[in-house]
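Source file structure-v2.cif; content: mmCIF, C-alpha atoms.
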```
data_query
#
loop_
_atom_site.label_atom_id
_atom_site.label_comp_id
_atom_site.auth_asym_id
_atom_site.auth_seq_id
_atom_site.Cartn_x
_atom_site.Cartn_y
_atom_site.Cartn_z
CA MET A 2 21.33 -66.39 -88.24
CA LEU A 3 18.59 -66.53 -85.60
CA GLU A 4 18.91 -68.03 -82.13
CA LYS A 5 22.32 -69.57 -82.77
CA LYS A 6 24.29 -70.47 -79.64
CA ILE A 7 27.80 -69.20 -78.96
CA PHE A 8 30.29 -70.29 -76.29
CA ILE A 9 33.53 -68.48 -75.43
CA LYS A 10 36.26 -70.07 -73.31
CA THR A 11 38.48 -67.33 -71.92
CA PHE A 12 42.10 -67.74 -70.87
CA GLY A 13 44.47 -65.37 -69.10
CA CYS A 14 44.02 -61.80 -67.97
CA GLN A 15 41.08 -59.65 -66.96
CA MET A 16 41.29 -57.83 -70.28
CA ASN A 17 40.51 -61.08 -72.06
CA GLU A 18 37.45 -61.47 -69.85
CA TYR A 19 36.37 -57.95 -70.76
CA ASP A 20 37.00 -58.66 -74.45
CA SER A 21 34.93 -61.86 -74.32
CA ASN A 22 31.99 -60.00 -72.85
CA ARG A 23 32.21 -57.36 -75.57
CA ILE A 24 32.33 -60.06 -78.25
CA TYR A 25 29.09 -61.44 -76.78
CA ASP A 26 27.58 -57.94 -77.00
CA SER A 27 28.58 -57.72 -80.67
CA VAL A 28 27.43 -61.15 -81.91
CA SER A 29 24.07 -60.76 -80.18
CA LYS A 30 23.24 -58.40 -83.06
CA LEU A 31 23.47 -61.42 -85.38
CA GLY A 32 21.06 -63.41 -83.24
CA PHE A 33 23.69 -65.38 -81.34
CA ILE A 34 22.81 -66.13 -77.72
CA LYS A 35 25.28 -67.00 -74.99
CA THR A 36 25.39 -70.58 -73.78
CA GLU A 37 27.29 -72.16 -70.89
CA ASN A 38 26.93 -75.59 -72.46
CA GLN A 39 30.21 -76.25 -74.26
CA SER A 40 28.86 -79.19 -76.24
CA SER A 41 25.87 -77.47 -77.87
CA ALA A 42 27.31 -74.33 -79.45
CA ASP A 43 26.95 -73.27 -83.08
CA CYS A 44 30.04 -71.10 -82.65
CA TYR A 45 32.91 -71.95 -80.29
CA ILE A 46 35.54 -69.31 -79.49
CA LEU A 47 38.83 -69.80 -77.66
CA ASN A 48 39.99 -66.39 -76.40
CA THR A 49 43.67 -67.12 -75.83
CA CYS A 50 46.59 -65.77 -73.79
CA HIS A 51 50.25 -65.84 -74.83
CA ILE A 52 51.89 -64.86 -71.53
CA ARG A 53 52.55 -68.25 -69.94
CA ASP A 54 54.65 -71.16 -71.19
CA LYS A 55 53.36 -73.55 -73.86
CA ALA A 56 50.45 -71.24 -74.72
CA LYS A 57 50.25 -72.46 -78.31
CA GLU A 58 50.23 -76.14 -77.30
CA LYS A 59 47.42 -75.49 -74.83
CA VAL A 60 45.32 -74.04 -77.63
CA TYR A 61 45.76 -77.14 -79.81
CA HIS A 62 44.95 -79.30 -76.78
CA GLU A 63 41.69 -77.35 -76.36
CA ILE A 64 40.87 -77.76 -80.04
CA GLY A 65 41.35 -81.52 -79.64
CA ARG A 66 38.95 -81.48 -76.70
CA VAL A 67 36.35 -79.60 -78.77
CA LYS A 68 36.71 -82.17 -81.58
CA LYS A 69 35.81 -84.92 -79.11
CA LEU A 70 32.81 -82.95 -77.80
CA TYR A 71 31.43 -82.64 -81.34
CA LYS A 72 32.56 -86.02 -82.68
CA ASN A 73 29.03 -87.16 -83.51
CA LYS A 74 27.53 -83.71 -84.00
CA GLU A 75 27.65 -80.91 -86.53
CA LYS A 76 30.94 -79.04 -86.17
CA PRO A 77 30.67 -75.53 -84.64
CA ILE A 78 32.28 -72.50 -86.26
CA MET A 79 35.72 -72.68 -84.59
CA VAL A 80 37.25 -69.30 -83.80
CA ILE A 81 40.69 -68.79 -82.24
CA ALA A 82 40.88 -65.28 -80.81
CA GLY A 83 43.29 -63.38 -78.58
CA CYS A 84 47.04 -63.11 -78.29
CA VAL A 85 47.99 -66.60 -79.49
CA ALA A 86 45.89 -65.96 -82.60
CA GLN A 87 47.77 -62.69 -83.15
CA ALA A 88 51.17 -64.33 -82.71
CA GLU A 89 50.54 -67.45 -84.79
CA ASN A 90 47.82 -66.26 -87.23
CA GLU A 91 47.97 -68.04 -90.62
CA GLU A 92 50.16 -70.84 -89.29
CA MET A 93 47.25 -72.03 -87.17
CA LEU A 94 44.93 -72.24 -90.17
CA LYS A 95 47.52 -74.32 -92.00
CA ARG A 96 48.22 -76.61 -89.03
CA ASP A 97 44.66 -77.47 -88.07
CA PRO A 98 41.84 -77.41 -90.67
CA TYR A 99 39.29 -77.61 -87.84
CA ILE A 100 39.90 -73.87 -87.25
CA ASP A 101 37.64 -71.58 -89.28
CA ILE A 102 38.54 -68.06 -88.15
CA ILE A 103 41.67 -66.48 -86.63
CA LEU A 104 40.94 -63.21 -84.84
CA GLY A 105 43.56 -60.95 -83.21
CA PRO A 106 42.78 -58.71 -80.19
CA GLN A 107 42.65 -55.53 -82.27
CA SER A 108 40.19 -57.00 -84.78
CA TYR A 109 37.26 -57.96 -82.52
CA HIS A 110 35.08 -55.31 -84.16
CA LYS A 111 35.20 -57.45 -87.33
CA ILE A 112 33.76 -60.59 -85.67
CA ASN A 113 30.23 -60.09 -87.04
CA ASP A 114 31.42 -59.64 -90.63
CA LEU A 115 33.70 -62.67 -90.34
CA LEU A 116 30.87 -64.86 -89.04
CA LYS A 117 28.55 -63.72 -91.82
CA LYS A 118 31.22 -64.36 -94.45
CA HIS A 119 31.92 -67.81 -93.02
CA ILE A 120 28.88 -69.15 -94.84
CA THR A 121 30.73 -68.73 -98.14
CA ASP A 122 34.40 -68.28 -97.20
CA LEU A 123 35.65 -71.31 -95.30
CA LYS A 124 38.89 -69.94 -93.81
CA GLN A 125 39.57 -66.40 -92.60
CA GLU A 126 42.35 -64.62 -90.75
CA GLU A 127 42.13 -61.09 -89.33
CA THR A 128 45.07 -59.92 -87.21
CA GLU A 129 45.74 -56.32 -88.26
CA PHE A 130 46.33 -53.74 -85.51
CA ASP A 131 43.26 -51.52 -85.78
CA THR A 132 42.70 -50.40 -82.20
CA ILE A 133 40.98 -47.09 -82.94
CA SER A 134 38.38 -48.72 -85.20
CA LYS A 135 37.83 -51.48 -82.67
CA PHE A 136 37.01 -49.19 -79.76
CA GLY A 137 34.98 -46.88 -82.03
CA TYR A 138 32.86 -49.90 -83.00
CA PHE A 139 32.30 -51.10 -79.44
CA ASP A 140 31.57 -47.58 -78.17
CA ASN A 141 28.39 -47.81 -80.24
CA ILE A 142 27.34 -51.13 -78.75
CA LYS A 143 25.78 -51.21 -75.30
CA ASN A 144 27.85 -53.05 -72.70
CA LYS A 145 25.37 -55.56 -71.22
CA ASN A 146 27.64 -56.88 -68.48
CA ASN A 147 25.66 -56.75 -65.23
CA LYS A 148 28.16 -58.12 -62.73
CA ILE A 149 28.55 -56.45 -59.34
CA SER A 150 32.29 -56.25 -60.02
CA SER A 151 32.96 -55.24 -63.63
CA PHE A 152 36.02 -54.71 -65.82
CA LEU A 153 36.46 -51.70 -68.10
CA THR A 154 39.35 -51.46 -70.57
CA ILE A 155 40.73 -47.91 -70.86
CA GLN A 156 44.09 -48.57 -72.52
CA GLU A 157 45.67 -51.27 -74.65
CA GLY A 158 49.09 -52.13 -75.97
CA CYS A 159 52.59 -51.39 -74.77
CA ASP A 160 55.55 -49.23 -75.81
CA LYS A 161 57.90 -50.41 -73.04
CA PHE A 162 59.38 -53.42 -74.87
CA CYS A 163 60.58 -55.33 -71.82
CA HIS A 164 62.87 -57.97 -73.28
CA PHE A 165 60.80 -60.89 -71.96
CA CYS A 166 57.35 -59.64 -72.96
CA VAL A 167 55.29 -60.46 -76.03
CA VAL A 168 52.52 -57.88 -75.41
CA PRO A 169 53.87 -55.21 -77.84
CA PHE A 170 53.72 -57.86 -80.58
CA THR A 171 50.26 -59.23 -79.73
CA ARG A 172 48.43 -56.10 -78.52
CA GLY A 173 50.33 -53.46 -80.49
CA PRO A 174 51.44 -49.96 -79.44
CA GLU A 175 49.94 -48.10 -76.50
CA TYR A 176 46.52 -46.65 -77.21
CA SER A 177 44.31 -44.73 -74.78
CA ARG A 178 40.56 -44.60 -75.33
CA PRO A 179 38.77 -41.23 -75.40
CA PHE A 180 38.09 -40.08 -71.83
CA HIS A 181 34.39 -39.34 -72.27
CA ASN A 182 33.75 -42.68 -74.01
CA ILE A 183 35.19 -44.47 -70.98
CA ILE A 184 33.00 -42.46 -68.61
CA ALA A 185 29.94 -43.22 -70.77
CA GLU A 186 30.68 -46.95 -70.62
CA ALA A 187 31.26 -46.73 -66.85
CA GLU A 188 27.86 -45.04 -66.49
CA GLN A 189 26.30 -47.92 -68.43
CA LEU A 190 27.98 -50.49 -66.18
CA ILE A 191 26.77 -48.61 -63.08
CA LYS A 192 23.26 -48.53 -64.55
CA ASN A 193 23.59 -52.30 -65.09
CA GLY A 194 24.31 -52.75 -61.38
CA ALA A 195 28.10 -52.50 -61.06
CA LYS A 196 29.24 -51.50 -57.58
CA GLU A 197 32.92 -51.96 -58.35
CA ILE A 198 34.79 -51.08 -61.54
CA THR A 199 38.32 -52.21 -62.33
CA LEU A 200 40.00 -50.08 -64.98
CA LEU A 201 42.15 -52.22 -67.25
CA GLY A 202 45.19 -51.74 -69.44
CA GLN A 203 48.45 -53.47 -70.28
CA ASN A 204 49.98 -50.25 -68.94
CA VAL A 205 46.90 -48.82 -67.29
CA ASN A 206 48.71 -45.99 -65.50
CA ALA A 207 50.23 -44.85 -68.82
CA TYR A 208 46.69 -43.80 -69.83
CA SER A 209 46.87 -40.41 -71.56
CA TYR A 210 44.19 -38.85 -73.75
CA LEU A 211 44.55 -35.34 -75.19
CA GLU A 212 41.41 -33.35 -75.98
CA ASN A 213 41.18 -29.59 -76.57
CA SER A 214 44.74 -29.14 -75.27
CA LYS A 215 43.86 -30.91 -72.01
CA GLU A 216 45.54 -34.19 -71.06
CA TYR A 217 43.32 -36.68 -69.28
CA LYS A 218 45.18 -39.25 -67.15
CA LEU A 219 44.23 -42.22 -64.99
CA SER A 220 43.93 -39.88 -62.02
CA HIS A 221 41.21 -37.91 -63.84
CA LEU A 222 39.24 -41.10 -64.48
CA ILE A 223 39.49 -42.15 -60.82
CA ASN A 224 38.45 -38.72 -59.53
CA ASP A 225 35.55 -38.56 -61.99
CA LEU A 226 34.27 -42.05 -61.11
CA ASN A 227 34.58 -41.17 -57.43
CA GLN A 228 31.61 -38.80 -57.88
CA TYR A 229 29.11 -41.56 -58.77
CA SER A 230 27.12 -42.32 -55.62
CA GLU A 231 26.01 -45.77 -56.85
CA LEU A 232 29.63 -46.89 -57.30
CA ASP A 233 31.34 -48.15 -54.14
CA ARG A 234 34.80 -49.29 -55.24
CA ILE A 235 37.41 -48.39 -57.86
CA ARG A 236 40.46 -50.47 -58.84
CA TYR A 237 42.95 -50.49 -61.71
CA THR A 238 45.46 -52.96 -63.16
CA THR A 239 48.14 -53.56 -64.44
CA SER A 240 50.57 -50.76 -63.65
CA HIS A 241 54.18 -50.03 -64.52
CA PRO A 242 56.43 -48.51 -61.83
CA ARG A 243 57.67 -45.84 -64.25
CA ASP A 244 54.13 -44.46 -64.65
CA MET A 245 53.24 -44.17 -60.94
CA THR A 246 53.10 -40.38 -61.11
CA ASP A 247 52.36 -38.09 -58.15
CA ASP A 248 48.89 -37.20 -59.44
CA LEU A 249 47.96 -40.90 -59.37
CA ILE A 250 49.54 -41.43 -55.95
CA ASP A 251 47.56 -38.44 -54.64
CA CYS A 252 44.33 -40.23 -55.60
CA TYR A 253 44.87 -42.52 -52.62
CA ALA A 254 44.32 -39.45 -50.44
CA SER A 255 41.55 -37.77 -52.45
CA SER A 256 39.41 -40.76 -53.49
CA LYS A 257 37.53 -42.65 -50.78
CA LYS A 258 36.47 -45.29 -53.30
CA LEU A 259 39.94 -46.18 -54.61
CA MET A 260 40.88 -49.42 -52.88
CA PRO A 261 44.06 -49.51 -50.72
CA PHE A 262 45.59 -52.24 -52.84
CA VAL A 263 48.28 -51.74 -55.48
CA HIS A 264 49.29 -54.42 -57.97
CA LEU A 265 52.64 -53.11 -59.20
CA PRO A 266 54.88 -55.65 -60.98
CA ILE A 267 58.61 -55.25 -60.33
CA GLN A 268 59.79 -58.64 -61.78
CA SER A 269 63.12 -58.59 -59.86
CA GLY A 270 64.69 -57.04 -56.77
CA SER A 271 68.03 -56.65 -58.59
CA ASP A 272 68.86 -53.46 -60.48
CA ARG A 273 71.21 -55.45 -62.70
CA MET A 274 68.38 -57.78 -63.71
CA LEU A 275 65.93 -54.92 -64.22
CA LYS A 276 68.40 -53.38 -66.66
CA LEU A 277 68.83 -56.69 -68.49
CA MET A 278 65.04 -56.97 -68.69
CA ASN A 279 64.80 -53.39 -70.05
CA ARG A 280 62.35 -52.47 -67.31
CA LYS A 281 63.35 -48.76 -67.30
CA HIS A 282 63.08 -48.41 -63.50
CA THR A 283 65.22 -49.27 -60.48
CA VAL A 284 64.48 -50.88 -57.13
CA ASP A 285 64.85 -47.44 -55.51
CA ASP A 286 62.24 -46.03 -57.91
CA TYR A 287 59.90 -48.79 -56.77
CA LEU A 288 60.63 -48.24 -53.07
CA ASN A 289 60.02 -44.51 -53.53
CA VAL A 290 56.49 -45.24 -54.79
CA TYR A 291 55.95 -47.69 -51.93
CA GLU A 292 57.05 -45.15 -49.31
CA LYS A 293 54.93 -42.34 -50.78
CA LEU A 294 51.81 -44.52 -50.70
CA LYS A 295 52.47 -45.83 -47.20
CA LYS A 296 52.87 -42.24 -46.02
CA ILE A 297 49.40 -41.45 -47.39
CA ASN A 298 47.83 -44.59 -45.91
CA LYS A 299 49.77 -47.19 -43.93
CA GLU A 300 46.96 -49.69 -44.64
CA ILE A 301 47.81 -49.82 -48.36
CA GLU A 302 49.11 -53.26 -49.41
CA PHE A 303 51.15 -54.25 -52.47
CA SER A 304 51.17 -57.26 -54.75
CA SER A 305 53.62 -57.86 -57.58
CA ASP A 306 54.92 -60.15 -60.33
CA PHE A 307 58.30 -61.90 -60.17
CA ILE A 308 60.22 -63.63 -62.94
CA ILE A 309 62.60 -66.21 -61.49
CA GLY A 310 65.60 -67.52 -63.44
CA TYR A 311 65.70 -64.79 -66.07
CA PRO A 312 68.80 -65.34 -68.26
CA GLY A 313 71.86 -64.05 -66.42
CA GLU A 314 70.31 -64.14 -62.94
CA THR A 315 73.01 -64.90 -60.35
CA GLN A 316 72.59 -66.09 -56.77
CA LYS A 317 73.22 -62.49 -55.66
CA ASP A 318 70.45 -61.19 -57.94
CA PHE A 319 68.09 -63.82 -56.57
CA GLU A 320 68.93 -62.94 -52.96
CA GLU A 321 68.25 -59.26 -53.68
CA THR A 322 64.77 -60.24 -54.90
CA LEU A 323 64.24 -62.25 -51.74
CA GLU A 324 65.33 -59.26 -49.62
CA LEU A 325 62.82 -57.01 -51.37
CA ILE A 326 60.04 -59.52 -50.67
CA LYS A 327 61.04 -59.54 -47.01
CA LYS A 328 61.02 -55.73 -46.92
CA ILE A 329 57.67 -55.31 -48.67
CA LYS A 330 55.34 -58.00 -47.45
CA PHE A 331 53.60 -58.48 -50.78
CA ILE A 332 50.18 -60.10 -50.85
CA ASN A 333 48.50 -62.01 -53.71
CA SER A 334 51.64 -61.94 -55.85
CA PHE A 335 52.48 -63.97 -58.93
CA SER A 336 55.83 -65.69 -59.43
CA PHE A 337 56.94 -67.99 -62.21
CA ILE A 338 60.06 -69.33 -63.90
CA PHE A 339 61.15 -67.42 -67.00
CA SER A 340 59.90 -68.98 -70.20
CA PRO A 341 60.99 -67.53 -73.56
CA ARG A 342 58.31 -65.97 -75.74
CA PRO A 343 58.91 -66.14 -79.51
CA GLY A 344 59.97 -62.84 -81.03
CA THR A 345 61.26 -61.27 -77.82
CA LYS A 346 64.92 -60.39 -77.21
CA ALA A 347 65.08 -62.67 -74.18
CA SER A 348 64.07 -65.67 -76.29
CA LYS A 349 67.57 -65.67 -77.80
CA LEU A 350 69.38 -65.75 -74.45
CA GLN A 351 70.84 -68.79 -72.73
CA MET A 352 68.52 -70.35 -70.17
CA ILE A 353 69.54 -71.06 -66.58
CA GLU A 354 69.58 -74.71 -65.51
CA LYS A 355 66.09 -75.96 -64.58
CA ASN A 356 67.10 -77.41 -61.21
CA ILE A 357 68.46 -74.00 -60.13
CA THR A 358 65.37 -72.07 -61.26
CA LYS A 359 62.99 -74.59 -59.64
CA GLU A 360 64.84 -74.34 -56.35
CA ARG A 361 64.77 -70.54 -56.46
CA LEU A 362 61.07 -70.49 -57.33
CA THR A 363 60.28 -72.76 -54.38
CA ILE A 364 62.12 -70.42 -51.99
CA ILE A 365 60.41 -67.31 -53.40
CA GLN A 366 56.95 -68.85 -53.37
CA ASP A 367 57.37 -70.16 -49.84
CA LYS A 368 58.04 -66.59 -48.71
CA LEU A 369 55.26 -65.05 -50.78
CA PHE A 370 52.72 -67.70 -49.76
CA ASN A 371 53.69 -67.35 -46.09
CA ASN A 372 53.05 -63.61 -46.37
CA GLN A 373 49.57 -64.34 -47.72
CA LYS A 374 48.85 -66.90 -45.00
CA GLU A 375 50.03 -64.55 -42.23
CA ILE A 376 47.98 -61.62 -43.52
CA ASN A 377 44.88 -63.79 -43.89
CA LYS A 378 45.46 -65.34 -40.46
CA SER A 379 45.57 -61.84 -38.95
CA LYS A 380 42.02 -61.27 -40.20
CA GLU A 381 40.60 -64.16 -38.17
CA ASN A 382 38.17 -63.07 -35.44
CA GLN A 383 38.07 -59.65 -37.11
CA LEU A 384 35.30 -57.85 -38.99
CA VAL A 385 36.16 -57.09 -42.61
CA ASN A 386 34.34 -55.06 -45.25
CA VAL A 387 33.12 -57.32 -48.07
CA LEU A 388 31.44 -56.38 -51.33
CA VAL A 389 29.00 -59.25 -51.89
CA GLU A 390 29.12 -60.40 -55.52
CA ASN A 391 27.00 -63.54 -55.75
CA LYS A 392 25.61 -66.69 -54.18
CA ILE A 393 27.82 -69.74 -54.71
CA GLU A 394 26.14 -72.25 -56.99
CA LYS A 395 24.75 -75.32 -55.21
CA GLN A 396 25.85 -73.97 -51.80
CA ASN A 397 24.08 -71.91 -49.19
CA LYS A 398 27.04 -69.55 -49.05
CA PHE A 399 28.02 -66.27 -50.65
CA PHE A 400 31.10 -64.84 -52.33
CA GLY A 401 32.68 -61.42 -52.13
CA ARG A 402 36.02 -59.67 -51.74
CA ASN A 403 37.58 -57.41 -49.16
CA GLU A 404 39.43 -54.17 -49.96
CA TYR A 405 42.57 -56.14 -50.83
CA ILE A 406 40.80 -58.30 -53.45
CA THR A 407 41.01 -61.35 -51.16
CA PRO A 408 38.11 -63.77 -51.75
CA VAL A 409 35.70 -64.14 -48.83
CA ILE A 410 33.23 -67.05 -48.56
CA PHE A 411 30.58 -66.62 -45.89
CA GLU A 412 27.11 -67.41 -44.65
CA GLY A 413 24.73 -64.63 -45.55
CA SER A 414 21.56 -63.79 -47.45
CA GLU A 415 20.61 -62.87 -51.01
CA SER A 416 19.49 -59.42 -49.88
CA GLN A 417 23.17 -58.61 -49.25
CA ILE A 418 24.26 -59.10 -52.89
CA GLY A 419 25.60 -55.81 -54.26
CA LYS A 420 26.17 -54.35 -50.80
CA ILE A 421 29.27 -53.83 -48.69
CA ILE A 422 28.76 -55.61 -45.41
CA LYS A 423 30.74 -56.59 -42.34
CA VAL A 424 31.81 -60.23 -42.25
CA LYS A 425 33.22 -61.87 -39.14
CA ILE A 426 36.17 -64.02 -40.24
CA GLN A 427 36.32 -67.43 -38.57
CA SER A 428 39.09 -69.16 -40.54
CA SER A 429 41.43 -68.71 -43.48
CA ASN A 430 43.88 -70.37 -45.84
CA GLN A 431 46.49 -69.01 -48.22
CA ASN A 432 43.98 -67.57 -50.68
CA THR A 433 40.60 -67.20 -48.97
CA LEU A 434 38.84 -65.92 -45.85
CA PHE A 435 35.83 -67.76 -44.40
CA GLY A 436 33.19 -66.36 -42.08
CA HIS A 437 29.60 -65.25 -41.54
CA ALA A 438 27.79 -61.99 -42.13
CA ASN A 439 27.48 -59.73 -39.13
CA ASN A 440 23.94 -58.48 -39.61
CA LYS A 441 24.12 -56.04 -36.73
CA MET A 442 26.88 -53.96 -38.27
CA LYS A 443 26.99 -52.04 -41.53
CA ALA A 444 30.24 -51.52 -43.38
CA ALA A 445 32.04 -48.25 -42.94
#
```

Turn this file's structure into structure tokens for me.
Amino acid sequence: MLEKKIFIKTFGCQMNEYDSNRIYDSVSKLGFIKTENQSSADCYILNTCHIRDKAKEKVYHEIGRVKKLYKNKEKPIMVIAGCVAQAENEEMLKRDPYIDIILGPQSYHKINDLLKKHITDLKQEETEFDTISKFGYFDNIKNKNNKISSFLTIQEGCDKFCHFCVVPFTRGPEYSRPFHNIIAEAEQLIKNGAKEITLLGQNVNAYSYLENSKEYKLSHLINDLNQYSELDRIRYTTSHPRDMTDDLIDCYASSKKLMPFVHLPIQSGSDRMLKLMNRKHTVDDYLNVYEKLKKINKEIEFSSDFIIGYPGETQKDFEETLELIKKIKFINSFSFIFSPRPGTKASKLQMIEKNITKERLTIIQDKLFNNQKEINKSKENQLVNVLVENKIEKQNKFFGRNEYITPVIFEGSESQIGKIIKVKIQSSNQNTLFGHANNKMKAA
């Protein structure tokens, strides 16, 4: 199978992006080369996400689009991977004969064998939870990702069983990778040119690996990575409020490279709703974490996730969420109307009327978006530290992010790629800062 082309379209979270890159690393051993041309691939993979509404329908829509791309060409090997594949598995093979392989998130280490077998076996499905074997396989394959800002999965799965969430059913139980294997992969990414590493997990701050009677936690990973001189920034996502332990909070004082930005989903500002959701924390628990971090560094900013219109949400519950948003001026937050995921407890509950949930979402988003606009506006005419990631294609401008993960587009030079520089901000909108590099000043 020499010089065959493979294209992966990735949906959803950062972990899916990481997974797609590791799939590329694996199939390269079969002679597959990565292509950005969607209409000339020998193998076409959809790496899917099951979090948002109508996820399954979106996959079939994409398959229809691929069929049109290859209408007058030889059909590519069609692989459906990711969380939708895990949730739907054999049903997808039955529904659409265009699909050749179904591959769940914990079976990516089997991709090479499945592709080789495809020559003789026309339809295959692999959705067993085999996390240990998967990471053991990829630990022996060099991570070739050479992006300035790189993702690194340290933990997968979830044992929390929030009543709205499908992750325990698509990613399986919580599993933490061996500490030293993570450090080895981080070293490879740094060698490849990474200046920023984001540690990933469905419950990243629940990371716990026991070796020789010693427990390694997320705080140990952060403190260890802090020692690498070539690495400038450390981030992690996504966290659960229940696992924001003091040792992790203390990292914001001890690690100069840990960014002052915390994405910590709360979902609701109402204790009653948090209990109905089975979140296992209260609003006061959340505020306690917030206050501890602000005491360490008042410049730390928070972002969060909010589910609006969860079954049983009253006007009072909604107003309590709004009050929390007013108290903590969240930046870069996500908010969406509750949509039932098959197999979850919440999927059996009675939905709130659409007109009510839409109205509530509009109010919440207006407040959240105004927070973002105000914070970005406050950066105008200021110098901000930007890690330069790349030159924007077909433009004489460059892209990077500040400490708070806000995108910055600016006039600069290619010699600045991979460096943290000062950028003078001239204008802004809700999501992005715009400016020009200040060549006379180096970043702090």

Exercise for review: Mind checking which residues fall within 8 Å of Arg172 of chain A, counting only C-alpha atoms, ignoring those fewer than 5 positions away in the same chain, and posting them as a PyMOL selection string?
Suggested key: chain A and resi 84+106-107+130+157-159

**Study point:** Atomic separation - atom CA of Lys148 of chain A relative to atom CA of Phe400 of chain A, Å
**Key:**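 Going from atom CA of Phe400 of chain A over to atom CA of Lys148 of chain A, I get 12.7 Å.
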
Review point. Quick one: residues within 10 Å of His221 of chain A, all atoms listed in the file counted, chain neighbours fewer than 3 positions away excluded, as a VMD selection string?
Key: chain A and resid 180 209 216 to 218 224 to 227 248 to 249 252

Check your understanding: Quick one, how far is atom CA of Ile142 of chain A from atom CA of Glu186 of chain A?
Key -> 9.7 Å

Practice item. Please evaluate the PyMOL selection byres ((chain A and resi 22) around 12) against the structure above and give the resulting residues as a PyMOL selection string. Key: chain A and resi 7-11+15-21+23-29+35+46+48+109+139+142-148+151-154

Exercise for review: Return as a count of residues only the set of residues that the PyMOL selection byres ((chain A and resi 424) around 6) yields on the displayed structure.
Suggested key: 7

Residues matched by the PyMOL selection byres ((chain A and resi 170) around 10), written as a PDB file with C-alpha atoms, in the coordinates of the input:
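What landed in out-v8.pdb:
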```pdb
ATOM      1  CA  CYS A  84      47.040 -63.110 -78.290  1.00  0.00           C
ATOM      2  CA  GLN A  87      47.770 -62.690 -83.150  1.00  0.00           C
ATOM      3  CA  ALA A  88      51.170 -64.330 -82.710  1.00  0.00           C
ATOM      4  CA  PHE A 130      46.330 -53.740 -85.510  1.00  0.00           C
ATOM      5  CA  GLY A 158      49.090 -52.130 -75.970  1.00  0.00           C
ATOM      6  CA  CYS A 159      52.590 -51.390 -74.770  1.00  0.00           C
ATOM      7  CA  PHE A 162      59.380 -53.420 -74.870  1.00  0.00           C
ATOM      8  CA  CYS A 166      57.350 -59.640 -72.960  1.00  0.00           C
ATOM      9  CA  VAL A 167      55.290 -60.460 -76.030  1.00  0.00           C
ATOM     10  CA  VAL A 168      52.520 -57.880 -75.410  1.00  0.00           C
ATOM     11  CA  PRO A 169      53.870 -55.210 -77.840  1.00  0.00           C
ATOM     12  CA  THR A 171      50.260 -59.230 -79.730  1.00  0.00           C
ATOM     13  CA  ARG A 172      48.430 -56.100 -78.520  1.00  0.00           C
ATOM     14  CA  GLY A 173      50.330 -53.460 -80.490  1.00  0.00           C
ATOM     15  CA  PRO A 174      51.440 -49.960 -79.440  1.00  0.00           C
ATOM     16  CA  PRO A 343      58.910 -66.140 -79.510  1.00  0.00           C
ATOM     17  CA  GLY A 344      59.970 -62.840 -81.030  1.00  0.00           C
ATOM     18  CA  THR A 345      61.260 -61.270 -77.820  1.00  0.00           C
TER      19      THR A 345
END
```

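Here atom CA of Ile308 of chain A stands at a distance of 17.6 Å from atom CA of Cys50 of chain A.
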
Review point. What's the 12 Å shell around Arg96 of chain A, counting only C-alpha atoms, without same-chain residues fewer than 5 positions away, as a PyMOL selection string?
Key: chain A and resi 57-58+61+64+89-91+101

Residues of the last selection are to be written out with C-alpha atoms, as a PDB file, keeping the file's coordinate frame.
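As a result, out-v7.pdb now contains:
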```
ATOM      1  CA  LYS A  57      50.250 -72.460 -78.310  1.00  0.00           C
ATOM      2  CA  GLU A  58      50.230 -76.140 -77.300  1.00  0.00           C
ATOM      3  CA  TYR A  61      45.760 -77.140 -79.810  1.00  0.00           C
ATOM      4  CA  ILE A  64      40.870 -77.760 -80.040  1.00  0.00           C
ATOM      5  CA  GLU A  89      50.540 -67.450 -84.790  1.00  0.00           C
ATOM      6  CA  ASN A  90      47.820 -66.260 -87.230  1.00  0.00           C
ATOM      7  CA  GLU A  91      47.970 -68.040 -90.620  1.00  0.00           C
ATOM      8  CA  ASP A 101      37.640 -71.580 -89.280  1.00  0.00           C
TER       9      ASP A 101
END
```

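Restricting the calculation to all atoms listed in the file, the smallest distance between Gln396 of chain A and any of A:Ser414, A:Ser134, A:Asn382, A:Gln431 is found for A:Ser414.
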
**Study point:** Polymer residues at most 10 Å from Val290 of chain A, all atoms listed in the file, same-chain spacing of 4 or more positions, as an NGL selection string
**Key:** :A and (242-243 or 245-247 or 250 or 265 or 285-286 or 294-296)
